[in-house]
Amino acid sequence: MPFSQQLVDRVNVVISKHETKRSALIPVLSEVQNEFGWLSVESMTEVAQILELHPSSVRSVATFYTMFFTKPVGKRVIWLCKTLSCALRGADKVERYVSEKLGVHTGETTSDGKIVFMETECLASCGSAPVMLAGDELYDCLSRNIIDEVIEKLQAD
Ligand code: FES
């Protein structure tokens, strides 16, 4: 899907904040993913053209970072931290509960296409583990009640 003029304008703003076009690659990919929900081959090719990079360089960055999706996923993402502090404070239980509530395993999207459930590394809130990021918000000291509220909110979006 070709980029809209609004997206191109936002991408140009991102580029203008960086010394070189190459150094804007990750934030530009984030901007494009925010628009489409994932990064198609066409989107990555367009990013390569805008940033004057080889398409394979863009693709290797997009496939290296877990935060980028190169296949369509749910509209909203739940990122559950599974790193040490969260693991010690019940991330596995949280994972089971979220999986049960959504009817998916980590890495999968709900059947209505609304939510994708992903694992991630430390979200920098280790002191209040277990932690997850849903949409743009960080939720810590997770309990069943908090998880219920978060999922309800994402489903209503
Ligand atoms: S280990 Fe989970 S936030 Fe740091």
# chains A, B, ... in the order shown; residues from 1 in each chain; ligands from 1
>>> closest_atom_pairs(of="chain A", to="ligand 1", cutoff="10 Å", atoms="only C-alpha atoms and all ligand atoms", output="JSON lines")
{"residue": "A:Leu80", "atom": "CA", "partner": "ligand 1", "partner_atom_place_in_ligand_line": "2 (Fe)", "distance": 8.1}
{"residue": "A:Cys81", "atom": "CA", "partner": "ligand 1", "partner_atom_place_in_ligand_line": "2 (Fe)", "distance": 4.8}
{"residue": "A:Lys82", "atom": "CA", "partner": "ligand 1", "partner_atom_place_in_ligand_line": "2 (Fe)", "distance": 6.1}
{"residue": "A:Thr83", "atom": "CA", "partner": "ligand 1", "partner_atom_place_in_ligand_line": "1 (S)", "distance": 4.3}
{"residue": "A:Leu84", "atom": "CA", "partner": "ligand 1", "partner_atom_place_in_ligand_line": "1 (S)", "distance": 5.0}
{"residue": "A:Ser85", "atom": "CA", "partner": "ligand 1", "partner_atom_place_in_ligand_line": "1 (S)", "distance": 4.2}
{"residue": "A:Cys86", "atom": "CA", "partner": "ligand 1", "partner_atom_place_in_ligand_line": "2 (Fe)", "distance": 4.3}
{"residue": "A:Ala87", "atom": "CA", "partner": "ligand 1", "partner_atom_place_in_ligand_line": "1 (S)", "distance": 7.2}
{"residue": "A:Leu88", "atom": "CA", "partner": "ligand 1", "partner_atom_place_in_ligand_line": "1 (S)", "distance": 8.7}
{"residue": "A:Arg89", "atom": "CA", "partner": "ligand 1", "partner_atom_place_in_ligand_line": "2 (Fe)", "distance": 9.0}
{"residue": "A:Ala91", "atom": "CA", "partner": "ligand 1", "partner_atom_place_in_ligand_line": "2 (Fe)", "distance": 8.4}
{"residue": "A:Thr120", "atom": "CA", "partner": "ligand 1", "partner_atom_place_in_ligand_line": "2 (Fe)", "distance": 8.6}
{"residue": "A:Glu121", "atom": "CA", "partner": "ligand 1", "partner_atom_place_in_ligand_line": "2 (Fe)", "distance": 6.9}
{"residue": "A:Cys122", "atom": "CA", "partner": "ligand 1", "partner_atom_place_in_ligand_line": "4 (Fe)", "distance": 3.8}
{"residue": "A:Leu123", "atom": "CA", "partner": "ligand 1", "partner_atom_place_in_ligand_line": "3 (S)", "distance": 4.1}
{"residue": "A:Ala124", "atom": "CA", "partner": "ligand 1", "partner_atom_place_in_ligand_line": "3 (S)", "distance": 4.5}
{"residue": "A:Ser125", "atom": "CA", "partner": "ligand 1", "partner_atom_place_in_ligand_line": "3 (S)", "distance": 4.1}
{"residue": "A:Cys126", "atom": "CA", "partner": "ligand 1", "partner_atom_place_in_ligand_line": "4 (Fe)", "distance": 3.6}
{"residue": "A:Gly127", "atom": "CA", "partner": "ligand 1", "partner_atom_place_in_ligand_line": "3 (S)", "distance": 7.4}
{"residue": "A:Ser128", "atom": "CA", "partner": "ligand 1", "partner_atom_place_in_ligand_line": "3 (S)", "distance": 7.4}
{"residue": "A:Ala129", "atom": "CA", "partner": "ligand 1", "partner_atom_place_in_ligand_line": "2 (Fe)", "distance": 5.6}
{"residue": "A:Pro130", "atom": "CA", "partner": "ligand 1", "partner_atom_place_in_ligand_line": "2 (Fe)", "distance": 6.0}
{"residue": "A:Val131", "atom": "CA", "partner": "ligand 1", "partner_atom_place_in_ligand_line": "3 (S)", "distance": 5.6}
{"residue": "A:Met132", "atom": "CA", "partner": "ligand 1", "partner_atom_place_in_ligand_line": "3 (S)", "distance": 7.9}
{"residue": "A:Leu133", "atom": "CA", "partner": "ligand 1", "partner_atom_place_in_ligand_line": "3 (S)", "distance": 9.7}
{"residue": "A:Leu138", "atom": "CA", "partner": "ligand 1", "partner_atom_place_in_ligand_line": "3 (S)", "distance": 9.8}
{"residue": "A:Asp140", "atom": "CA", "partner": "ligand 1", "partner_atom_place_in_ligand_line": "3 (S)", "distance": 8.4}
>>> residues_around(residues="Gln49 of chain A", least_positions_apart="3", cutoff="12 Å", atoms="only C-alpha atoms", output="list in words")
Phe3, Val8, Lys21, Arg22, Leu25, Glu42, Ser43, Met44, Thr45, Glu46, Glu52, Leu53, His54, Pro55, Ser56, Ser57 and Val58 of chain A
>>> write_last_selection(atoms="N, CA, C and O atoms", output="compact mmCIF listing (two decimals), in the first residue's frame")
# COMPACT_ATOMS: atom_id res chain seq x y z
N PHE A 3 2.38 4.95 0.60
CA PHE A 3 2.29 5.82 1.77
C PHE A 3 1.43 7.04 1.43
O PHE A 3 1.58 7.64 0.37
N VAL A 8 4.05 10.33 4.74
CA VAL A 8 5.34 10.84 4.21
C VAL A 8 5.76 12.08 5.00
O VAL A 8 6.93 12.21 5.38
N LYS A 21 20.07 10.10 7.22
CA LYS A 21 18.84 9.35 6.92
C LYS A 21 18.93 7.94 7.50
O LYS A 21 17.97 7.42 8.04
N ARG A 22 20.12 7.34 7.40
CA ARG A 22 20.30 5.97 7.90
C ARG A 22 19.97 5.89 9.40
O ARG A 22 19.36 4.93 9.85
N LEU A 25 16.40 5.16 10.58
CA LEU A 25 15.72 3.95 10.12
C LEU A 25 14.74 3.35 11.14
O LEU A 25 13.58 3.09 10.82
N GLU A 42 6.39 -4.20 0.65
CA GLU A 42 6.21 -2.94 -0.07
C GLU A 42 6.57 -1.74 0.83
O GLU A 42 7.24 -0.81 0.39
N SER A 43 6.11 -1.81 2.09
CA SER A 43 6.42 -0.71 3.02
C SER A 43 7.93 -0.60 3.24
O SER A 43 8.50 0.50 3.25
N MET A 44 8.57 -1.76 3.44
CA MET A 44 10.02 -1.73 3.68
C MET A 44 10.77 -1.21 2.45
O MET A 44 11.76 -0.49 2.57
N THR A 45 10.26 -1.55 1.26
CA THR A 45 10.88 -1.06 0.02
C THR A 45 10.74 0.45 -0.07
O THR A 45 11.68 1.17 -0.44
N GLU A 46 9.56 0.94 0.31
CA GLU A 46 9.34 2.39 0.25
C GLU A 46 10.24 3.12 1.27
O GLU A 46 10.79 4.17 0.98
N GLU A 52 17.17 6.11 1.15
CA GLU A 52 18.29 5.83 0.23
C GLU A 52 19.16 4.69 0.76
O GLU A 52 20.39 4.79 0.84
N LEU A 53 18.48 3.61 1.16
CA LEU A 53 19.17 2.41 1.64
C LEU A 53 18.81 1.23 0.74
O LEU A 53 17.80 1.27 0.02
N HIS A 54 19.61 0.19 0.82
CA HIS A 54 19.26 -1.02 0.07
C HIS A 54 18.09 -1.70 0.80
O HIS A 54 18.10 -1.78 2.04
N PRO A 55 17.09 -2.20 0.06
CA PRO A 55 15.95 -2.86 0.72
C PRO A 55 16.36 -3.97 1.69
O PRO A 55 15.72 -4.17 2.72
N SER A 56 17.44 -4.68 1.39
CA SER A 56 17.86 -5.77 2.28
C SER A 56 18.35 -5.23 3.64
O SER A 56 18.22 -5.90 4.66
N SER A 57 18.90 -4.01 3.65
CA SER A 57 19.34 -3.41 4.93
C SER A 57 18.12 -3.11 5.79
O SER A 57 18.12 -3.32 7.01
N VAL A 58 17.08 -2.60 5.15
CA VAL A 58 15.85 -2.28 5.89
C VAL A 58 15.21 -3.57 6.41
O VAL A 58 14.83 -3.66 7.57
>>> select_by_dssp(residues="segment 40-150 of chain A", states="strand (DSSP E or B)", output="ChimeraX atom specification")
/A:76-81,108-109,115-120,132-134,137-139
>>> closest_residue(among="A:Ser23, A:Phe69, A:Gly37, A:Glu31", to="Leu51 of chain A", atoms="only C-alpha atoms")
A:Ser23
>>> atom_distance(atom1="atom CA of Ile147 of chain A", atom2="atom CA of Thr70 of chain A")
27.1 Å
>>> atom_distance(atom1="atom CA of Trp79 of chain A", atom2="atom CA of Val116 of chain A")
8.6 Å
>>> closest_residue(among="A:Glu149, A:Asp136, A:Glu35, A:Asp92", to="Ile78 of chain A", atoms="only C-alpha atoms")
A:Asp136
>>> select_by_dssp(residues="segment 47-82 of chain A", states="helix (DSSP H, G or I)", output="PyMOL selection string")
chain A and resi 47-51+55-64
>>> write_last_selection(atoms="N, CA and C atoms", output="PDB file, in the first residue's frame")
ATOM      1  N   VAL A  47      10.372   2.515   2.450  1.00  0.00           N
ATOM      2  CA  VAL A  47      11.276   3.101   3.458  1.00  0.00           C
ATOM      3  C   VAL A  47      12.703   3.141   2.899  1.00  0.00           C
ATOM      4  N   ALA A  48      13.102   2.062   2.243  1.00  0.00           N
ATOM      5  CA  ALA A  48      14.454   2.003   1.663  1.00  0.00           C
ATOM      6  C   ALA A  48      14.663   3.130   0.650  1.00  0.00           C
ATOM      7  N   GLN A  49      13.623   3.352  -0.180  1.00  0.00           N
ATOM      8  CA  GLN A  49      13.747   4.425  -1.178  1.00  0.00           C
ATOM      9  C   GLN A  49      13.868   5.785  -0.517  1.00  0.00           C
ATOM     10  N   ILE A  50      13.014   6.019   0.485  1.00  0.00           N
ATOM     11  CA  ILE A  50      13.023   7.327   1.160  1.00  0.00           C
ATOM     12  C   ILE A  50      14.365   7.565   1.847  1.00  0.00           C
ATOM     13  N   LEU A  51      14.891   6.512   2.489  1.00  0.00           N
ATOM     14  CA  LEU A  51      16.135   6.679   3.263  1.00  0.00           C
ATOM     15  C   LEU A  51      17.391   6.417   2.432  1.00  0.00           C
ATOM     16  N   PRO A  55      17.089  -2.200   0.062  1.00  0.00           N
ATOM     17  CA  PRO A  55      15.948  -2.856   0.720  1.00  0.00           C
ATOM     18  C   PRO A  55      16.364  -3.972   1.686  1.00  0.00           C
ATOM     19  N   SER A  56      17.443  -4.683   1.387  1.00  0.00           N
ATOM     20  CA  SER A  56      17.856  -5.774   2.284  1.00  0.00           C
ATOM     21  C   SER A  56      18.353  -5.233   3.635  1.00  0.00           C
ATOM     22  N   SER A  57      18.904  -4.011   3.653  1.00  0.00           N
ATOM     23  CA  SER A  57      19.336  -3.414   4.929  1.00  0.00           C
ATOM     24  C   SER A  57      18.115  -3.110   5.790  1.00  0.00           C
ATOM     25  N   VAL A  58      17.078  -2.601   5.153  1.00  0.00           N
ATOM     26  CA  VAL A  58      15.850  -2.275   5.893  1.00  0.00           C
ATOM     27  C   VAL A  58      15.213  -3.566   6.408  1.00  0.00           C
ATOM     28  N   ARG A  59      15.168  -4.559   5.542  1.00  0.00           N
ATOM     29  CA  ARG A  59      14.544  -5.822   5.940  1.00  0.00           C
ATOM     30  C   ARG A  59      15.326  -6.489   7.087  1.00  0.00           C
ATOM     31  N   SER A  60      16.647  -6.411   7.050  1.00  0.00           N
ATOM     32  CA  SER A  60      17.412  -7.082   8.114  1.00  0.00           C
ATOM     33  C   SER A  60      17.197  -6.396   9.460  1.00  0.00           C
ATOM     34  N   VAL A  61      17.019  -5.079   9.457  1.00  0.00           N
ATOM     35  CA  VAL A  61      16.722  -4.380  10.723  1.00  0.00           C
ATOM     36  C   VAL A  61      15.301  -4.745  11.183  1.00  0.00           C
ATOM     37  N   ALA A  62      14.359  -4.728  10.261  1.00  0.00           N
ATOM     38  CA  ALA A  62      12.959  -5.018  10.616  1.00  0.00           C
ATOM     39  C   ALA A  62      12.795  -6.438  11.161  1.00  0.00           C
ATOM     40  N   THR A  63      13.573  -7.364  10.643  1.00  0.00           N
ATOM     41  CA  THR A  63      13.428  -8.754  11.106  1.00  0.00           C
ATOM     42  C   THR A  63      14.277  -9.030  12.355  1.00  0.00           C
ATOM     43  N   PHE A  64      15.235  -8.149  12.636  1.00  0.00           N
ATOM     44  CA  PHE A  64      16.091  -8.361  13.815  1.00  0.00           C
ATOM     45  C   PHE A  64      15.350  -8.011  15.106  1.00  0.00           C
TER      46      PHE A  64
END
>>> residues_around(residues="Val14 of chain A", least_positions_apart="2", cutoff="7 Å", atoms="only C-alpha atoms", output="number ranges by chain")
A: 10-12, 16-17, 24, 27-28
>>> atom_distance(atom1="atom CA of Leu142 of chain A", atom2="atom CA of Gly107 of chain A")
20.0 Å
>>> residues_around(residues="Thr109 of chain A", least_positions_apart="3", cutoff="10 Å", atoms="only C-alpha atoms", output="number ranges by chain")
A: 72-77, 102-106, 112-118
>>> write_last_selection(atoms="all heavy atoms", output="tab-separated table (two decimals), in the first residue's frame")
chain	number	residue	atom	x	y	z
A	72	PRO	N	1.07	-9.60	9.13
A	72	PRO	CA	-0.05	-8.92	9.81
A	72	PRO	C	-0.32	-9.54	11.18
A	72	PRO	O	-0.25	-10.76	11.34
A	72	PRO	CB	-1.24	-9.18	8.87
A	72	PRO	CG	-0.66	-9.61	7.58
A	72	PRO	CD	0.68	-10.21	7.86
A	73	VAL	N	-0.59	-8.68	12.15
A	73	VAL	CA	-0.90	-9.14	13.51
A	73	VAL	C	-2.10	-8.35	14.02
A	73	VAL	O	-2.63	-7.50	13.32
A	73	VAL	CB	0.29	-8.94	14.48
A	73	VAL	CG1	1.45	-9.84	14.13
A	73	VAL	CG2	0.72	-7.48	14.51
A	74	GLY	N	-2.50	-8.62	15.27
A	74	GLY	CA	-3.61	-7.90	15.87
A	74	GLY	C	-3.35	-6.40	15.92
A	74	GLY	O	-2.20	-5.95	15.93
A	75	LYS	N	-4.47	-5.66	15.96
A	75	LYS	CA	-4.38	-4.20	15.96
A	75	LYS	C	-3.65	-3.68	17.20
A	75	LYS	O	-2.92	-2.71	17.14
A	75	LYS	CB	-5.83	-3.68	15.94
A	75	LYS	CG	-6.01	-2.30	15.47
A	75	LYS	CD	-7.51	-2.02	15.33
A	75	LYS	CE	-7.77	-0.54	15.55
A	75	LYS	NZ	-9.10	-0.26	16.05
A	76	ARG	N	-3.87	-4.32	18.33
A	76	ARG	CA	-3.25	-3.91	19.59
A	76	ARG	C	-2.29	-5.01	20.05
A	76	ARG	O	-2.57	-6.19	19.86
A	76	ARG	CB	-4.30	-3.69	20.68
A	76	ARG	CG	-5.30	-2.64	20.35
A	76	ARG	CD	-4.74	-1.25	20.65
A	76	ARG	NE	-5.67	-0.23	20.25
A	76	ARG	CZ	-5.54	0.53	19.16
A	76	ARG	NH1	-4.52	0.37	18.36
A	76	ARG	NH2	-6.43	1.46	18.87
A	77	VAL	N	-1.20	-4.59	20.71
A	77	VAL	CA	-0.20	-5.56	21.14
A	77	VAL	C	-0.09	-5.58	22.67
A	77	VAL	O	-0.01	-4.52	23.29
A	77	VAL	CB	1.19	-5.23	20.56
A	77	VAL	CG1	2.17	-6.37	20.84
A	77	VAL	CG2	1.11	-4.95	19.08
A	102	LEU	N	-7.49	-14.68	26.39
A	102	LEU	CA	-7.54	-14.32	24.98
A	102	LEU	C	-7.78	-15.51	24.06
A	102	LEU	O	-8.14	-15.34	22.90
A	102	LEU	CB	-6.22	-13.63	24.56
A	102	LEU	CG	-5.88	-12.31	25.23
A	102	LEU	CD1	-4.52	-11.81	24.75
A	102	LEU	CD2	-6.96	-11.26	24.93
A	103	GLY	N	-7.52	-16.71	24.59
A	103	GLY	CA	-7.67	-17.91	23.75
A	103	GLY	C	-6.54	-18.04	22.74
A	103	GLY	O	-6.74	-18.59	21.66
A	104	VAL	N	-5.36	-17.52	23.09
A	104	VAL	CA	-4.20	-17.64	22.19
A	104	VAL	C	-2.95	-17.93	23.01
A	104	VAL	O	-2.93	-17.70	24.23
A	104	VAL	CB	-3.94	-16.33	21.39
A	104	VAL	CG1	-5.10	-16.02	20.46
A	104	VAL	CG2	-3.64	-15.16	22.33
A	105	HIS	N	-1.91	-18.43	22.35
A	105	HIS	CA	-0.59	-18.55	22.96
A	105	HIS	C	0.20	-17.30	22.63
A	105	HIS	O	-0.20	-16.52	21.76
A	105	HIS	CB	0.14	-19.79	22.42
A	105	HIS	CG	-0.54	-21.07	22.78
A	105	HIS	ND1	-1.25	-21.81	21.86
A	105	HIS	CD2	-0.63	-21.73	23.96
A	105	HIS	CE1	-1.75	-22.87	22.46
A	105	HIS	NE2	-1.40	-22.86	23.73
A	106	THR	N	1.35	-17.13	23.32
A	106	THR	CA	2.18	-15.97	22.96
A	106	THR	C	2.61	-16.12	21.49
A	106	THR	O	2.84	-17.22	21.00
A	106	THR	CB	3.43	-15.86	23.86
A	106	THR	OG1	4.07	-17.13	23.92
A	106	THR	CG2	3.09	-15.39	25.24
A	112	ASP	N	-10.56	-12.48	16.54
A	112	ASP	CA	-11.21	-11.28	15.98
A	112	ASP	C	-10.18	-10.29	15.42
A	112	ASP	O	-10.54	-9.21	14.94
A	112	ASP	CB	-12.07	-10.58	17.05
A	112	ASP	CG	-11.26	-10.13	18.27
A	112	ASP	OD1	-10.00	-10.28	18.26
A	112	ASP	OD2	-11.85	-9.63	19.24
A	113	GLY	N	-8.89	-10.66	15.47
A	113	GLY	CA	-7.84	-9.82	14.89
A	113	GLY	C	-7.51	-8.59	15.73
A	113	GLY	O	-6.78	-7.72	15.28
A	114	LYS	N	-8.04	-8.52	16.94
A	114	LYS	CA	-7.85	-7.29	17.73
A	114	LYS	C	-6.54	-7.24	18.52
A	114	LYS	O	-5.93	-6.19	18.65
A	114	LYS	CB	-9.01	-7.12	18.71
A	114	LYS	CG	-10.23	-6.51	18.07
A	114	LYS	CD	-11.20	-6.03	19.11
A	114	LYS	CE	-12.34	-5.28	18.45
A	114	LYS	NZ	-13.39	-4.96	19.39
A	115	ILE	N	-6.15	-8.38	19.10
A	115	ILE	CA	-5.01	-8.33	20.03
A	115	ILE	C	-3.99	-9.41	19.69
A	115	ILE	O	-4.36	-10.58	19.48
A	115	ILE	CB	-5.49	-8.55	21.48
A	115	ILE	CG1	-6.53	-7.48	21.87
A	115	ILE	CG2	-4.31	-8.51	22.45
A	115	ILE	CD1	-7.21	-7.74	23.20
A	116	VAL	N	-2.73	-9.02	19.66
A	116	VAL	CA	-1.65	-10.00	19.53
A	116	VAL	C	-0.91	-10.02	20.87
A	116	VAL	O	-0.69	-8.98	21.48
A	116	VAL	CB	-0.72	-9.70	18.33
A	116	VAL	CG1	-0.09	-8.31	18.43
A	116	VAL	CG2	0.38	-10.75	18.22
A	117	PHE	N	-0.59	-11.22	21.32
A	117	PHE	CA	0.04	-11.41	22.63
A	117	PHE	C	1.49	-11.82	22.40
A	117	PHE	O	1.77	-12.85	21.80
A	117	PHE	CB	-0.72	-12.50	23.39
A	117	PHE	CG	-0.21	-12.77	24.79
A	117	PHE	CD1	0.35	-11.77	25.55
A	117	PHE	CD2	-0.33	-14.04	25.34
A	117	PHE	CE1	0.81	-12.02	26.84
A	117	PHE	CE2	0.13	-14.30	26.62
A	117	PHE	CZ	0.70	-13.29	27.36
A	118	MET	N	2.43	-10.97	22.88
A	118	MET	CA	3.85	-11.21	22.62
A	118	MET	C	4.66	-11.22	23.91
A	118	MET	O	4.29	-10.59	24.89
A	118	MET	CB	4.40	-10.07	21.74
A	118	MET	CG	3.74	-9.92	20.38
A	118	MET	SD	4.01	-11.30	19.28
A	118	MET	CE	5.76	-11.18	18.98
>>> residues_around(residues="Asp148 of chain A", least_positions_apart="4", cutoff="10 Å", atoms="only C-alpha atoms", output="ChimeraX atom specification")
/A:97-98,101,143-144,152-153
>>> write_last_selection(atoms="N, CA, C and O atoms", output="PDB file, in the first residue's frame")
ATOM      1  N   TYR A  97      -2.625 -16.885  32.371  1.00  0.00           N
ATOM      2  CA  TYR A  97      -3.910 -16.221  32.554  1.00  0.00           C
ATOM      3  C   TYR A  97      -4.303 -15.421  31.301  1.00  0.00           C
ATOM      4  O   TYR A  97      -5.443 -15.510  30.827  1.00  0.00           O
ATOM      5  N   VAL A  98      -3.349 -14.657  30.754  1.00  0.00           N
ATOM      6  CA  VAL A  98      -3.647 -13.861  29.555  1.00  0.00           C
ATOM      7  C   VAL A  98      -3.987 -14.793  28.392  1.00  0.00           C
ATOM      8  O   VAL A  98      -4.953 -14.561  27.657  1.00  0.00           O
ATOM      9  N   LYS A 101      -7.470 -16.061  28.832  1.00  0.00           N
ATOM     10  CA  LYS A 101      -8.475 -15.019  28.595  1.00  0.00           C
ATOM     11  C   LYS A 101      -8.625 -14.714  27.101  1.00  0.00           C
ATOM     12  O   LYS A 101      -9.722 -14.477  26.618  1.00  0.00           O
ATOM     13  N   SER A 143      -2.006  -8.047  38.478  1.00  0.00           N
ATOM     14  CA  SER A 143      -2.911  -8.947  39.187  1.00  0.00           C
ATOM     15  C   SER A 143      -3.982  -9.355  38.167  1.00  0.00           C
ATOM     16  O   SER A 143      -4.076  -8.756  37.090  1.00  0.00           O
ATOM     17  N   ARG A 144      -4.789 -10.327  38.527  1.00  0.00           N
ATOM     18  CA  ARG A 144      -5.867 -10.728  37.621  1.00  0.00           C
ATOM     19  C   ARG A 144      -6.798  -9.556  37.318  1.00  0.00           C
ATOM     20  O   ARG A 144      -7.247  -9.391  36.194  1.00  0.00           O
ATOM     21  N   GLU A 152     -10.113  -5.817  28.702  1.00  0.00           N
ATOM     22  CA  GLU A 152     -11.409  -5.197  28.407  1.00  0.00           C
ATOM     23  C   GLU A 152     -11.215  -3.905  27.614  1.00  0.00           C
ATOM     24  O   GLU A 152     -11.900  -3.653  26.629  1.00  0.00           O
ATOM     25  N   LYS A 153     -10.245  -3.104  28.068  1.00  0.00           N
ATOM     26  CA  LYS A 153      -9.980  -1.819  27.421  1.00  0.00           C
ATOM     27  C   LYS A 153      -9.513  -2.027  25.962  1.00  0.00           C
ATOM     28  O   LYS A 153      -9.987  -1.352  25.052  1.00  0.00           O
TER      29      LYS A 153
END
